[in-house]
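For reference, entry_21.txt is printed below; it contains compact mmCIF, C-alpha atoms.
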```
# COMPACT_ATOMS: atom_id res chain seq x y z
CA MET J 1 -5.95 49.07 4.86
CA ILE J 2 -3.14 46.82 3.62
CA PHE J 3 -3.88 44.25 6.35
CA HIS J 4 -7.55 44.23 5.33
CA LEU J 5 -6.60 43.71 1.68
CA LEU J 6 -4.18 40.91 2.57
CA SER J 7 -6.73 39.13 4.73
CA ARG J 8 -9.28 39.30 1.89
CA LEU J 9 -6.67 37.89 -0.52
CA SER J 10 -5.67 35.11 1.84
CA ALA J 11 -9.29 34.01 2.10
CA LYS J 12 -9.38 33.60 -1.67
CA VAL J 13 -5.90 32.16 -2.25
CA PRO J 14 -5.20 28.70 -0.80
CA SER J 15 -2.25 28.45 1.57
CA VAL J 16 1.18 27.80 0.12
CA VAL J 17 1.23 24.45 1.93
CA TYR J 18 -2.13 23.48 0.43
CA ARG J 19 -1.02 24.48 -3.08
CA ALA J 20 2.23 22.56 -2.66
CA ALA J 21 0.30 19.50 -1.54
CA LEU J 22 -1.85 19.69 -4.65
CA ILE J 23 1.20 19.37 -6.86
CA MET J 24 3.05 17.05 -4.47
CA LYS J 25 3.21 13.51 -5.73
CA PRO J 26 2.89 10.69 -3.22
CA GLN J 27 6.29 9.50 -2.02
CA VAL J 28 6.20 5.71 -1.95
CA VAL J 29 8.29 3.01 -0.29
CA PHE J 30 7.41 -0.53 -1.34
CA VAL J 31 7.60 -3.00 1.57
CA LEU J 32 8.08 -6.61 0.51
CA GLY J 33 8.54 -9.98 2.15
CA GLY J 34 6.57 -13.16 2.63
CA PRO J 35 3.44 -13.39 4.74
CA GLY J 36 4.53 -13.26 8.37
CA ALA J 37 7.95 -11.74 7.59
CA GLY J 38 7.15 -8.70 9.74
CA LYS J 39 6.06 -6.15 7.13
CA GLY J 40 3.03 -4.93 9.07
CA THR J 41 4.85 -4.88 12.40
CA GLN J 42 7.77 -2.86 11.06
CA CYS J 43 5.48 -0.52 9.10
CA THR J 44 3.63 0.24 12.35
CA ARG J 45 6.94 1.18 13.97
CA ILE J 46 7.95 3.38 11.04
CA VAL J 47 4.57 5.18 11.12
CA GLU J 48 5.01 5.85 14.87
CA ASN J 49 8.39 7.53 14.34
CA TYR J 50 8.20 9.11 10.89
CA SER J 51 5.63 10.87 8.72
CA TYR J 52 4.38 7.87 6.75
CA THR J 53 1.00 6.33 6.12
CA HIS J 54 0.91 2.54 6.02
CA LEU J 55 -1.17 1.01 3.22
CA SER J 56 -1.34 -2.75 3.23
CA ALA J 57 -2.29 -4.14 -0.17
CA GLY J 58 -3.62 -7.24 1.58
CA ASP J 59 -5.74 -5.24 4.04
CA LEU J 60 -7.17 -3.13 1.21
CA LEU J 61 -8.01 -6.28 -0.76
CA ARG J 62 -9.61 -7.96 2.27
CA ALA J 63 -11.67 -4.81 2.98
CA GLU J 64 -12.81 -4.66 -0.64
CA ARG J 65 -13.64 -8.36 -0.56
CA SER J 66 -15.84 -7.76 2.50
CA ARG J 67 -17.53 -4.62 1.14
CA GLU J 68 -21.14 -5.54 0.41
CA ALA J 69 -21.46 -3.81 -2.97
CA SER J 70 -18.01 -4.83 -4.19
CA GLU J 71 -17.87 -5.73 -7.85
CA PHE J 72 -14.66 -7.71 -7.25
CA GLY J 73 -15.29 -9.25 -3.81
CA GLN J 74 -15.74 -12.87 -4.93
CA LEU J 75 -12.85 -12.67 -7.37
CA ILE J 76 -10.54 -11.27 -4.67
CA ASP J 77 -11.73 -13.95 -2.23
CA SER J 78 -10.91 -16.80 -4.60
CA TYR J 79 -7.44 -15.43 -5.35
CA ILE J 80 -6.62 -14.92 -1.67
CA LYS J 81 -7.85 -18.39 -0.67
CA ASP J 82 -5.72 -19.96 -3.41
CA GLY J 83 -2.64 -17.94 -2.38
CA LYS J 84 -2.58 -16.29 -5.81
CA ILE J 85 -1.87 -12.69 -6.73
CA VAL J 86 -5.02 -10.62 -7.32
CA PRO J 87 -5.16 -8.95 -10.78
CA VAL J 88 -2.94 -5.89 -10.76
CA GLU J 89 -5.62 -3.45 -11.95
CA ILE J 90 -7.72 -4.13 -8.86
CA THR J 91 -4.85 -3.73 -6.41
CA ILE J 92 -3.47 -0.56 -8.01
CA ASN J 93 -6.91 1.03 -8.09
CA LEU J 94 -7.36 0.35 -4.37
CA LEU J 95 -3.88 1.71 -3.56
CA ARG J 96 -4.35 4.82 -5.70
CA LYS J 97 -7.73 5.54 -4.14
CA ALA J 98 -6.36 5.11 -0.60
CA MET J 99 -3.45 7.48 -1.31
CA GLU J 100 -5.75 10.10 -2.83
CA GLU J 101 -8.19 9.92 0.08
CA THR J 102 -5.37 10.19 2.62
CA MET J 103 -3.86 13.23 0.90
CA GLU J 104 -7.28 14.90 0.59
CA MET J 105 -7.92 14.46 4.33
CA ASP J 106 -4.50 15.75 5.40
CA GLU J 107 -2.27 17.73 3.07
CA LYS J 108 0.79 16.79 5.15
CA LYS J 109 0.31 13.07 4.51
CA PHE J 110 2.01 12.31 1.21
CA ARG J 111 4.52 9.63 2.28
CA PHE J 112 3.32 6.04 1.97
CA LEU J 113 4.58 2.62 2.94
CA ILE J 114 2.94 0.21 0.52
CA ASP J 115 3.09 -3.16 2.19
CA GLY J 116 2.87 -6.30 0.05
CA PHE J 117 3.06 -4.67 -3.37
CA PRO J 118 4.38 -5.13 -6.05
CA ARG J 119 4.46 -8.90 -5.71
CA ASN J 120 5.70 -9.68 -9.22
CA GLU J 121 6.89 -8.08 -12.46
CA ASP J 122 3.31 -7.81 -13.75
CA ASN J 123 2.44 -5.79 -10.61
CA LEU J 124 5.43 -3.52 -11.14
CA GLN J 125 4.64 -3.03 -14.84
CA GLY J 126 1.01 -2.26 -13.96
CA TRP J 127 2.15 0.26 -11.34
CA THR J 128 4.48 1.92 -13.84
CA THR J 129 1.74 2.10 -16.47
CA VAL J 130 -0.92 3.54 -14.15
CA MET J 131 1.19 5.60 -11.73
CA GLU J 132 4.01 6.90 -13.96
CA GLY J 133 4.37 10.59 -13.16
CA LYS J 134 1.73 10.36 -10.41
CA ALA J 135 3.91 8.96 -7.59
CA ASN J 136 7.61 8.78 -6.75
CA VAL J 137 8.90 5.39 -5.63
CA LYS J 138 11.85 6.06 -3.34
CA PHE J 139 13.05 2.52 -2.58
CA VAL J 140 12.07 -1.00 -1.50
CA LEU J 141 12.28 -2.44 2.01
CA PHE J 142 12.58 -6.21 1.89
CA PHE J 143 12.11 -8.39 4.98
CA ASP J 144 13.81 -11.74 4.51
CA CYS J 145 12.48 -14.51 6.71
CA THR J 146 12.49 -18.31 6.42
CA SER J 147 9.33 -20.01 5.19
CA GLU J 148 8.90 -21.96 8.40
CA VAL J 149 9.13 -18.83 10.58
CA CYS J 150 6.62 -17.06 8.31
CA ILE J 151 4.20 -19.99 8.50
CA ASP J 152 4.52 -20.30 12.28
CA ARG J 153 3.91 -16.57 12.76
CA CYS J 154 0.86 -16.60 10.47
CA LEU J 155 -0.63 -19.71 12.06
CA GLU J 156 -0.29 -18.02 15.45
CA ARG J 157 -1.80 -14.81 14.04
CA GLY J 158 -4.61 -16.88 12.52
CA LYS J 159 -5.81 -17.93 15.96
CA SER J 160 -7.24 -14.43 16.46
CA SER J 161 -7.13 -12.68 13.06
CA GLY J 162 -10.06 -14.38 11.38
CA ARG J 163 -8.11 -14.26 8.12
CA THR J 164 -9.04 -17.06 5.74
CA ASP J 165 -5.51 -17.12 4.34
CA ASP J 166 -3.87 -17.85 7.71
CA ASN J 167 -3.77 -21.60 7.11
CA ARG J 168 -0.83 -23.83 6.16
CA ALA J 169 -2.02 -24.65 2.60
CA SER J 170 -2.66 -21.01 1.61
CA LEU J 171 0.55 -19.87 3.27
CA GLU J 172 2.71 -22.46 1.51
CA LYS J 173 1.23 -21.43 -1.86
CA SER J 174 1.65 -17.75 -1.08
CA LEU J 175 5.26 -18.19 0.05
CA ALA J 176 6.13 -20.17 -3.09
CA VAL J 177 4.64 -17.41 -5.26
CA CYS J 178 6.40 -14.73 -3.21
CA THR J 179 9.80 -16.43 -3.53
CA CYS J 180 9.50 -16.97 -7.28
CA ASP J 181 7.97 -13.62 -8.14
CA CYS J 182 9.49 -11.16 -5.63
CA ASP J 183 13.13 -12.00 -6.27
CA PRO J 184 13.15 -10.46 -9.79
CA ILE J 185 11.46 -7.31 -8.39
CA LEU J 186 14.25 -6.83 -5.86
CA GLY J 187 16.81 -6.97 -8.66
CA LEU J 188 15.13 -4.01 -10.37
CA PHE J 189 15.65 -1.60 -7.46
```

How would this structure read if it were set down as structure tokens?
Amino acid sequence: MIFHLLSRLSAKVPSVVYRAALIMKPQVVFVLGGPGAGKGTQCTRIVENYSYTHLSAGDLLRAERSREASEFGQLIDSYIKDGKIVPVEITINLLRKAMEETMEMDEKKFRFLIDGFPRNEDNLQGWTTVMEGKANVKFVLFFDCTSEVCIDRCLERGKSSGRTDDNRASLEKSLAVCTCDCDPILGLF
């Protein structure tokens, strides 16, 4: 009788793990460094050995740019081609959506490596405004690499990646922006 009652209750009451996941905030590690510094490579290794999900801001932006019905596709494309930082509201919305979808699909996936974000103080302020109380930023991983090594790696990657930003002009602009804008971010953590 008691077992029958308990099994009926358990069918109506979500598991403790599920309920904990509902109140669990995403645990975030920002991963920064110039294009070609090794962010994606190292994130892949971390995912293989630890319980993290890798979200690349750049990959999310490129996917949104390619999505046929995207309201922001052309805008994103022009920013990426010019080596500029895409407006923060667009990037944060894509990151938030990706985290929510990941956590909905698997309640055990609440740890995220966010690769390539925040790129400047405006990005960080935007994150704080939108995500305050909704995610816990644990720390920042920064991959320091010389500009020439970054450019060489990206040019090599560009031979097979099909990425429009894997060209010397875009990379030099992007690295200049990264150096100027990322340094103050690192000082805040």

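Counting all atoms listed in the file, Arg119 of chain J has the following residues at most 7 Å away, ignoring those fewer than 2 positions along the same chain: J:Gly116, J:Phe117, J:Asn123, J:Cys178, J:Asp181, J:Cys182.
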
Rounded to one decimal, what separation in Å do you get between atom CA of Thr91 of chain J and atom CA of Leu60 of chain J?
8.0 Å

Exercise: segment 63-72 of chain J partners within 10 Å, all atoms listed in the file, chain neighbours under 5 positions left out, as a list of chain:residue names:
J:Ala57, J:Gly58, J:Asp77, J:Ser78, J:Ile80, J:Ile90, J:Thr91, J:Leu94

Two-atom distance - atom CA of Val86 of chain J, atom CA of Met105 of chain J (Å):
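Separation between atom CA of Val86 of chain J and atom CA of Met105 of chain J: 27.8 Å.
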
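Rounded to one decimal, atom CA of Asp59 of chain J and atom CA of Gly83 of chain J lie 14.6 Å from each other.
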
Distance criterion (all atoms listed in the file): nearest to Glu132 of chain J out of J:Glu48, J:Asn167, J:Ser147, J:Pro26
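Under the stated criterion, the closest residue is J:Pro26.
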
From the options J:Ile46, J:Tyr52, J:Pro35, J:Ala169, which residue's atoms come nearest to Lys108 of chain J, counting only C-alpha atoms?
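Using only C-alpha atoms, the shortest distance to Lys108 of chain J belongs to J:Tyr52.
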
Considering only C-alpha atoms, return as a PyMOL selection string whatever protein or nucleic-acid residues lie within 12 Å of Met131 of chain J, sequence-local ones (same chain, fewer than 4 positions apart) excluded.
chain J and resi 25-28+89+92-93+95-97+99+123-127+135-137

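All residues of protein, DNA or RNA that reach within 10 Å of Leu155 of chain J, judged by all atoms listed in the file and not counting those fewer than 2 positions away in the chain, are Gly36, Val149, Cys150, Ile151, Asp152, Arg153, Arg157, Gly158, Lys159, Ser160, Ser161, Asp165, Asp166, Asn167, Arg168 and Leu171 of chain J.
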
With all atoms listed in the file as the atoms that count, which of J:Glu156, J:Glu121, J:Asp144, J:Asp115 lies nearest to Ser56 of chain J?
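Closest residue, counting all atoms listed in the file: J:Asp115.
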